[in-house]
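Shown next: query_27.cif, containing mmCIF, C-alpha atoms.
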data_upload
loop_
_atom_site.label_atom_id
_atom_site.label_comp_id
_atom_site.auth_asym_id
_atom_site.auth_seq_id
_atom_site.Cartn_x
_atom_site.Cartn_y
_atom_site.Cartn_z
CA THR A 162 -27.24 10.60 -29.45
CA ALA A 163 -23.58 11.44 -30.04
CA LEU A 164 -24.09 15.01 -28.83
CA ILE A 165 -25.81 13.80 -25.66
CA ALA A 166 -22.99 11.34 -24.96
CA THR A 167 -20.39 14.03 -25.51
CA ALA A 168 -22.17 16.38 -23.13
CA GLY A 169 -22.17 13.66 -20.47
CA VAL A 170 -18.44 13.14 -20.81
CA ALA A 171 -17.74 16.87 -20.69
CA SER A 172 -19.47 17.17 -17.31
CA ALA A 173 -17.19 14.54 -15.77
CA ASP A 174 -13.74 15.09 -14.27
CA VAL A 175 -11.52 12.66 -16.20
CA THR A 176 -7.83 12.16 -15.30
CA VAL A 177 -4.98 10.16 -16.78
CA GLY A 178 -1.72 9.78 -14.84
CA GLY A 179 0.70 7.16 -13.63
CA ASN A 180 4.31 6.43 -12.81
CA ALA A 181 7.35 4.64 -14.20
CA PHE A 182 10.76 3.42 -13.09
CA MET A 183 14.02 1.97 -14.39
CA GLY A 184 17.02 0.66 -12.52
CA VAL A 185 19.19 -2.26 -11.41
CA ILE A 186 18.42 -4.86 -8.71
CA TYR A 187 21.15 -7.01 -7.13
CA ASN A 188 20.54 -10.28 -5.24
CA ALA A 189 23.58 -11.77 -3.49
CA GLY A 190 22.02 -15.26 -3.40
CA ASP A 191 22.52 -17.96 -0.79
CA ALA A 192 23.07 -21.72 -0.59
CA THR A 193 20.01 -22.39 -2.76
CA THR A 194 19.86 -19.23 -4.93
CA VAL A 195 22.41 -18.04 -7.49
CA ALA A 196 23.51 -14.40 -7.24
CA SER A 197 21.98 -12.18 -9.91
CA THR A 198 21.92 -8.63 -11.26
CA ASP A 199 18.82 -7.63 -13.20
CA VAL A 200 17.67 -4.54 -15.04
CA ALA A 201 14.06 -3.65 -14.23
CA HIS A 202 11.62 -1.17 -15.72
CA SER A 203 7.89 -0.62 -15.60
CA VAL A 204 5.20 1.78 -16.78
CA ARG A 205 1.85 2.17 -15.02
CA VAL A 206 -0.96 4.31 -16.44
CA THR A 207 -3.91 5.11 -14.19
CA PHE A 208 -7.32 6.25 -15.41
CA GLY A 209 -9.87 7.99 -13.21
CA ALA A 210 -13.18 9.79 -13.57
CA SER A 211 -15.68 11.39 -11.24
CA VAL A 212 -19.01 13.18 -11.41
CA GLU A 213 -21.00 15.09 -8.81
CA THR A 214 -24.79 14.96 -8.64
CA ASP A 215 -27.02 17.96 -7.99
CA ALA A 216 -27.39 16.68 -4.42
CA GLY A 217 -23.62 16.87 -3.85
CA VAL A 218 -22.92 13.12 -4.00
CA THR A 219 -19.68 12.27 -5.83
CA PHE A 220 -19.38 9.09 -7.92
CA GLY A 221 -16.01 7.94 -9.20
CA ALA A 222 -14.21 5.09 -10.94
CA SER A 223 -10.59 4.13 -11.54
CA SER A 224 -8.50 1.44 -13.20
CA ARG A 225 -4.92 1.00 -14.37
CA ILE A 226 -2.60 -0.67 -16.86
CA THR A 227 0.84 -1.93 -15.80
CA GLU A 228 3.57 -3.10 -18.17
CA SER A 229 6.71 -4.51 -16.51
CA ASP A 230 9.96 -5.62 -18.19
CA ASN A 231 8.23 -5.95 -21.57
CA GLY A 232 6.36 -8.98 -20.31
CA ASN A 233 3.29 -8.19 -22.43
CA ASN A 234 1.29 -8.16 -19.22
CA GLY A 235 -0.34 -4.76 -19.79
CA GLN A 236 -4.10 -5.00 -19.30
CA MET A 237 -6.79 -3.22 -17.36
CA GLU A 238 -6.68 -4.20 -13.69
CA HIS A 239 -7.58 -3.05 -10.18
CA GLY A 240 -10.84 -1.44 -11.25
CA GLN A 241 -13.09 0.09 -8.62
CA VAL A 242 -16.22 2.23 -8.44
CA ASN A 243 -16.90 4.53 -5.51
CA MET A 244 -19.26 7.14 -4.10
CA SER A 245 -18.81 9.70 -1.33
CA SER A 246 -20.86 12.29 0.48
CA GLY A 247 -19.69 14.24 3.51
CA GLY A 248 -17.65 11.85 5.61
CA PHE A 249 -19.18 8.72 4.05
CA THR A 250 -17.34 6.67 1.39
CA LEU A 251 -18.37 3.47 -0.41
CA ARG A 252 -15.92 1.57 -2.63
CA VAL A 253 -16.67 -1.55 -4.66
CA GLY A 254 -14.15 -3.68 -6.55
CA ALA A 255 -10.36 -3.74 -6.22
CA THR A 256 -10.17 -2.04 -2.86
CA HIS A 257 -8.28 -2.81 0.33
CA GLY A 258 -10.51 -3.99 3.17
CA ALA A 259 -11.19 -2.27 6.47
CA MET A 260 -8.10 -3.72 8.19
CA ARG A 261 -5.57 -2.38 5.69
CA ASN A 262 -7.28 0.99 5.46
CA THR A 263 -7.06 1.58 9.20
CA ALA A 264 -4.16 -0.46 10.64
CA ARG A 265 -1.56 -1.16 7.93
CA VAL A 266 2.17 -0.40 8.30
CA THR A 267 4.43 -1.08 5.30
CA THR A 268 8.19 -1.54 4.93
CA TYR A 269 8.26 -1.30 1.13
CA LEU A 270 11.58 0.16 -0.05
CA GLY A 271 12.97 0.44 -3.58
CA PHE A 272 12.78 2.47 -6.77
CA ASN A 273 10.52 -0.27 -8.19
CA ARG A 274 7.44 0.71 -6.16
CA GLY A 275 8.98 -0.74 -3.01
CA GLY A 276 9.91 -4.11 -4.47
CA VAL A 277 13.56 -4.35 -3.33
CA VAL A 278 12.83 -4.87 0.36
CA GLY A 279 9.49 -5.07 2.03
CA ASN A 280 6.37 -6.46 3.50
CA ASP A 281 3.69 -5.21 5.86
CA ASN A 282 1.73 -6.24 8.94
CA SER A 283 -1.18 -7.68 6.95
CA THR A 284 -2.43 -11.04 8.20
CA THR A 285 -2.81 -14.18 6.12
CA ASN A 286 -6.41 -13.59 5.04
CA THR A 287 -6.48 -9.79 4.85
CA GLN A 288 -8.56 -8.37 2.01
CA THR A 289 -6.35 -6.68 -0.62
CA ASP A 290 -6.79 -4.43 -3.64
CA GLY A 291 -6.26 -7.50 -5.81
CA GLY A 292 -9.65 -8.86 -4.77
CA ASN A 293 -13.29 -7.92 -5.24
CA ASN A 294 -14.46 -6.23 -2.06
CA VAL A 295 -17.10 -3.85 -0.71
CA LEU A 296 -15.70 -1.21 1.65
CA VAL A 297 -17.61 1.38 3.70
CA MET A 298 -15.80 4.12 5.63
CA TYR A 299 -17.05 7.05 7.69
CA SER A 300 -14.82 9.86 8.97
CA MET A 301 -15.76 12.24 11.77
CA GLY A 302 -12.89 14.66 12.23
CA ASP A 303 -9.90 12.63 13.44
CA LEU A 304 -11.89 9.38 13.79
CA THR A 305 -12.36 6.89 10.94
CA LEU A 306 -14.62 3.84 11.08
CA ALA A 307 -14.51 1.13 8.40
CA ALA A 308 -16.23 -2.14 7.51
CA SER A 309 -15.78 -4.41 4.49
CA THR A 310 -16.70 -7.76 3.00
CA ASP A 311 -15.62 -9.75 0.00
CA ALA A 312 -18.17 -9.69 -2.82
CA ALA A 313 -19.19 -13.29 -2.09
CA GLY A 314 -20.01 -12.39 1.52
CA ASN A 315 -17.69 -15.03 2.98
CA ALA A 316 -15.34 -12.81 5.01
CA GLN A 317 -15.89 -9.53 6.83
CA GLU A 318 -13.54 -6.94 8.35
CA VAL A 319 -13.94 -3.96 10.69
CA GLY A 320 -11.45 -1.25 11.58
CA VAL A 321 -11.04 2.00 13.44
CA ALA A 322 -8.32 4.68 13.31
CA TYR A 323 -7.81 7.86 15.30
CA THR A 324 -5.31 10.67 14.74
CA MET A 325 -4.51 13.47 17.20
CA ASN A 326 -1.55 15.88 17.41
CA GLY A 327 0.53 13.77 15.02
CA PHE A 328 -0.21 10.46 16.76
CA THR A 329 -2.19 7.74 14.95
CA LEU A 330 -3.69 4.55 16.35
CA GLY A 331 -5.42 1.93 14.23
CA LEU A 332 -6.98 -1.45 14.93
CA GLY A 333 -8.64 -3.92 12.57
CA ALA A 334 -10.10 -7.43 12.85
CA ASN A 335 -11.81 -9.93 10.58
CA ALA A 336 -14.25 -12.80 10.73
CA ASP A 337 -14.51 -15.71 8.30
CA ASN A 338 -17.52 -17.96 7.74
CA ASP A 339 -15.11 -20.90 7.86
CA ALA A 340 -15.33 -21.98 11.52
CA ALA A 341 -11.80 -23.44 11.33
CA THR A 342 -10.30 -19.99 10.75
CA ASP A 343 -9.47 -17.95 13.84
CA THR A 344 -10.21 -14.24 14.00
CA GLU A 345 -7.24 -12.19 12.80
CA TRP A 346 -6.25 -8.68 13.90
CA MET A 347 -3.88 -5.86 12.93
CA PHE A 348 -2.65 -2.92 15.04
CA LYS A 349 -0.88 0.30 14.09
CA ALA A 350 0.71 3.05 16.17
CA GLY A 351 2.60 5.96 14.67
CA TYR A 352 3.77 9.53 15.03
CA ASN A 353 4.35 12.15 12.33
CA GLY A 354 6.62 14.97 13.44
CA GLY A 355 6.66 16.85 10.15
CA ASN A 356 10.11 16.07 8.76
CA TYR A 357 10.22 12.66 10.45
CA ALA A 358 7.79 9.82 11.14
CA ALA A 359 7.85 6.48 12.97
CA ASN A 360 5.39 3.59 12.90
CA ILE A 361 4.99 0.14 14.40
CA GLY A 362 2.57 -2.51 13.18
CA LEU A 363 1.60 -5.75 14.91
CA ASN A 364 -0.73 -8.61 13.96
CA SER A 365 -2.18 -11.92 15.10
CA ASP A 366 0.44 -13.83 13.06
CA ASN A 367 3.09 -12.70 15.59
CA ASP A 368 4.67 -10.29 13.11
CA ALA A 369 6.04 -6.84 13.96
CA VAL A 370 6.79 -4.14 11.38
CA VAL A 371 8.83 -1.04 12.27
CA THR A 372 9.42 1.98 10.00
CA PHE A 373 11.21 5.30 10.33
CA SER A 374 11.58 8.14 7.84
CA TYR A 375 13.47 11.42 8.01
CA ASP A 376 13.75 14.33 5.57
CA ILE A 377 17.47 15.10 5.56
CA SER A 378 16.85 18.18 3.40
CA ASP A 379 14.18 19.55 1.10
CA ALA A 380 15.35 17.14 -1.62
CA THR A 381 16.82 14.15 0.23
CA ALA A 382 15.01 11.65 2.44
CA LEU A 383 16.01 8.63 4.52
CA ALA A 384 13.75 5.61 5.13
CA ILE A 385 14.31 2.52 7.28
CA GLY A 386 12.07 -0.53 7.61
CA ALA A 387 12.14 -3.97 9.19
CA GLU A 388 9.82 -6.88 9.82
CA PHE A 389 10.21 -9.49 12.56
CA SER A 390 8.28 -12.73 13.11
CA THR A 391 8.07 -14.87 16.24
CA ALA A 392 7.45 -18.63 16.29
CA ASN A 393 8.02 -21.11 19.12
CA GLY A 394 9.62 -18.39 21.23
CA THR A 395 12.20 -17.48 18.56
CA THR A 396 12.20 -14.07 16.83
CA THR A 397 13.51 -13.88 13.25
CA THR A 398 14.33 -10.84 11.12
CA ASP A 399 12.43 -11.42 7.88
CA TYR A 400 13.06 -8.11 6.14
CA MET A 401 15.33 -5.16 6.85
CA GLY A 402 16.35 -2.26 4.67
CA VAL A 403 17.57 1.32 4.43
CA GLN A 404 16.87 3.71 1.58
CA VAL A 405 18.02 7.16 0.49
CA SER A 406 16.03 9.03 -2.14
CA HIS A 407 16.92 12.33 -3.80
CA ASP A 408 14.47 14.55 -5.65
CA LEU A 409 15.91 15.51 -9.03
CA GLY A 410 13.05 17.88 -9.74
CA GLY A 411 10.36 15.81 -11.46
CA ALA A 412 12.01 12.45 -10.78
CA SER A 413 13.69 10.69 -7.85
CA LEU A 414 16.99 8.82 -7.63
CA VAL A 415 16.51 5.96 -5.16
CA GLY A 416 19.16 3.71 -3.60
CA THR A 417 18.21 0.77 -1.36
CA LEU A 418 20.17 -1.82 0.61
CA GLY A 419 18.72 -4.59 2.75
CA GLN A 420 18.01 -8.23 3.44
CA ASN A 421 15.13 -10.48 2.40
CA ASN A 422 15.10 -13.57 4.63
CA SER A 423 18.87 -13.24 5.26
CA VAL A 424 19.66 -12.70 1.55
CA THR A 425 21.39 -9.39 0.80
CA VAL A 426 19.65 -7.29 -1.85
CA ALA A 427 20.21 -3.83 -3.30
CA GLY A 428 18.62 -1.53 -5.81
CA LEU A 429 19.47 1.70 -7.61
CA GLY A 430 17.16 3.42 -10.03
CA VAL A 431 15.03 6.36 -11.03
CA SER A 432 11.27 6.70 -10.58
CA PHE A 433 8.87 9.44 -11.58
CA GLY A 434 5.17 10.22 -11.77
CA PHE A 435 3.22 11.85 -14.56
#

Could I get this file's structure written as structure tokens?
Amino acid sequence: TALIATAGVASADVTVGGNAFMGVIYNAGDATTVASTDVAHSVRVTFGASVETDAGVTFGASSRITESDNGNNGQMEHGQVNMSSGGFTLRVGATHGAMRNTARVTTYLGFNRGGVVGNDNSTTNTQTDGGNNVLVMYSMGDLTLAASTDAAGNAQEVGVAYTMNGFTLGLGANADNDAATDTEWMFKAGYNGGNYAANIGLNSDNDAVVTFSYDISDATALAIGAEFSTANGTTTTDYMGVQVSHDLGGASLVGTLGQNNSVTVAGLGVSFGF
């Protein structure tokens, strides 16, 4: 039995990787928050495995452990199981829904996995990789179609994305069995010019997310992001930030400056993958 089990493991493609960071985060505070300077660090280890059947169908699984600031919070999380064949992909578990996979634009900036400044154009009830979802996607060249549901079958999402000559368009919408919940939508438009890229994301919550990135050199990159929300005819800047990152050869030095809801924040640290 042990030999059979060992043979099964040997035929699988098993990977272990992850990332880590350390640095300093500054919060200038406001009338209700005291200014603070904190040291932050985190280690994330990711486990993955895949096998391919004789018919060419690939089955895979992944999970991860995250330990942040010695909070004793390290435990297996975000597990998912998937299968793929040709352009078809099925994912079950901790997986983003159809809307995020096709129409998401993020403003996450910071050495700490984007935690200094940031948000995205996700709507209030968007399915996230912190939930338990079933996602189906099919890609035909530059076109991607997606549909998802939570495991309980209470909320469904659909999405479509198309890329051509560097331009990308994405649109997603959801439906909830709760009749009191209106249908939500997300939209993405972007262009990738090689050493620069720009994106805009909109949603049914009247939010707008704008991002721009530019490779200053082979080792240094600039990133800018902002999110705006509109209510009662008034537009507010919720998040805004600028970041410069420099590749040290195996690790990156990242500096970030911005505002979270009018509070000035900054971060400086090192991040690396393994």

Atomic separation - atom CA of A:Val185 relative to atom CA of A:Ser390, Å:
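Going from atom CA of A:Ser390 over to atom CA of A:Val185, I get 28.8 Å.
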
With all atoms listed in the file counted and 10 Å as the cut-off, give the residues of stretch 273-324 of chain A in contact with stretch 415-429 of chain A, each with its shortest interatomic distance in Å and the pair that gives it, as a tab-separated table.
residue	atom	partner	partner_atom	distance
A:Asn273	CA	A:Gly428	CA	8.5
A:Gly275	CA	A:Thr417	CA	9.5
A:Gly276	CA	A:Gly428	CA	9.2
A:Val277	CA	A:Gly428	CA	6.3
A:Val278	CA	A:Gly419	CA	6.4
A:Gly279	CA	A:Asn421	CA	7.8
A:Asn280	CA	A:Asn421	CA	9.7

With the file shown as input, list the residues that the PyMOL selection byres ((chain A and resi 321-329) around 6) selects, as a PDB file with C-alpha atoms, keeping the file's coordinate frame.
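Writing done, so here's out.pdb:
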ATOM      1  CA  THR A 263      -7.060   1.580   9.200  1.00  0.00           C
ATOM      2  CA  ASP A 303      -9.900  12.630  13.440  1.00  0.00           C
ATOM      3  CA  LEU A 304     -11.890   9.380  13.790  1.00  0.00           C
ATOM      4  CA  THR A 305     -12.360   6.890  10.940  1.00  0.00           C
ATOM      5  CA  LEU A 306     -14.620   3.840  11.080  1.00  0.00           C
ATOM      6  CA  GLY A 320     -11.450  -1.250  11.580  1.00  0.00           C
ATOM      7  CA  LEU A 330      -3.690   4.550  16.350  1.00  0.00           C
ATOM      8  CA  GLY A 331      -5.420   1.930  14.230  1.00  0.00           C
ATOM      9  CA  LEU A 332      -6.980  -1.450  14.930  1.00  0.00           C
ATOM     10  CA  ALA A 350       0.710   3.050  16.170  1.00  0.00           C
ATOM     11  CA  GLY A 351       2.600   5.960  14.670  1.00  0.00           C
ATOM     12  CA  TYR A 352       3.770   9.530  15.030  1.00  0.00           C
ATOM     13  CA  ASN A 353       4.350  12.150  12.330  1.00  0.00           C
TER      14      ASN A 353
END

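We find atom CA of A:Ser197 and atom CA of A:Gly402 to be spaced 18.5 Å apart.
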
Measuring atom to atom with only C-alpha atoms, identify which of A:Asn356, A:Asn294, A:Ser365, A:Thr398 is nearest to A:Ala382.
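Between A:Asn356, A:Asn294, A:Ser365, A:Thr398, the residue approaching A:Ala382 most closely is A:Asn356.
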